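Below is one structure, written out as structure tokens; comments come after it.
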Amino acid sequence: MQHPLLPQPSARHRAGRRSLRDDGRVLHHQLTEDCNLRLLDESDADALYALIAANRPYLARWLPWAASQDRDATLAFVRATRRQIGDNDGLQTVITRAGHPIGMVGVHAVDWTRRSSSVGYWLAQAQQGQGIVTRAVRALLDHGFGAWRLNRIEIRAGVENLPSRDVAERLGFRDRAGCCRPSGSASAG
Ligand SMILES: CC(C)(COP(=O)(O)OP(=O)(O)OC[C@H]1O[C@@H](n2cnc3c(N)ncnc32)[C@H](O)[C@@H]1OP(=O)(O)O)[C@@H](O)C(=O)NCCC(=O)NCCS
């Protein structure tokens, strides 16, 4: 059982406020004094893989790809994130703290006909409880509803994934029950 959670675009979103500094392929946004959002680079693959490996059981409970992702698959994911930007089909960003990856937040494939998409996120277990992901998702929502003029962005959280549902609720998403097969997509985002 999954819950697609639907936000109501706020006045701020409708106004098209740009929150991510978009400088060609160099996009970044400051979340806190020492946490930032930025695009992934191939040079991040080893650190990102190490983070996934160190958090594997915790991540794999809700993100099936994390159970088996190896270093090559992480590198393939990083490369795919750059193609996704080139194709104008979403955006994956890495959350860094003091320059080191601590999680990911991304906008998945965009349905430009309906102007709709979804966001996904994960954070290293030890970094939870500080509002980092809430800030990061808010930045992507601003970008999606603002710069991209999307009409709808979903968060799909497992019914029992309370930390993830709390992120959505904190951001004003409206809870809409739905039912999907568990996703087995092989990605790091
Ligand atoms: C889902 C997940 C990203 C949530 O992480 P999180 O740290 O709880 O979320 P945030 O970073 O937004 O932090 C929120 C927490 O910080 C607290 N907080 C502190 N300062 C805050 C601030 N300025 N703003 C918002 N929250 C703040 C909140 O009260 C909350 O703590 P609580 O849960 O004890 O009440 C994380 O649990 C995770 O990666 N899980 C595994 C992967 C996963 O499930 N991904 C989602 C799939 S749908």
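Starting from 1 in every chain, residues are counted up; chains themselves are A, B, ... following the order of the structure tokens, and ligands are numbered from 1 as listed.
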For ligand 1, return the neighbouring residues as a list of chain:residue names (distance at most 6 Å; only C-alpha atoms and all ligand atoms).
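Listing the residues within 6 Å of ligand 1 gives A:Leu59, A:Trp62, A:Tyr121, A:Trp122, A:Leu123, A:Gln128, A:Gly129, A:Gln130, A:Gly131, A:Ile132, A:Val133, A:Thr134, A:Arg156, A:Ala157, A:Pro163, A:Ser164, A:Val167.
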Which is closest to Gly158 of chain A among A:Leu75, A:Asp175, A:Ala66, A:Ser43, if we use only C-alpha atoms?
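Once distances to Gly158 of chain A are computed over only C-alpha atoms, the minimum belongs to A:Asp175.
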Select, from A:Leu141, A:Leu31, A:Trp148, A:Gln69, the residue with the minimum atom-to-atom distance to Ala54 of chain A, counting only C-alpha atoms.
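Result for the nearest residue to Ala54 of chain A: A:Gln69.
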Atom pair atom CA of Gly144 of chain A / atom CA of Ala67 of chain A: separation (Å):
29.6 Å
Between atom CA of Arg135 of chain A and atom CA of Asn36 of chain A, what is the distance, to one decimal in Å?
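According to the coordinates, atom CA of Arg135 of chain A and atom CA of Asn36 of chain A are separated by 10.1 Å.
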Kindly indicate which residue among A:Asp70, A:Glu33, A:Glu154, A:Asp44 lies nearest to His108 of chain A, using only C-alpha atoms for the distances.
A:Glu154
Which residues are near segment 83-98 of chain A? Cut-off 8 Å, only C-alpha atoms, ignore same chain within fewer than 6 positions. Put them as a PyMOL selection string.
chain A and resi 34-40+104-110+136+189
Enter the distance from atom CA of Gly103 of chain A to atom CA of Phe173 of chain A, in Å, rounded to one decimal.
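That distance, rounded to one decimal, is 21.5 Å.
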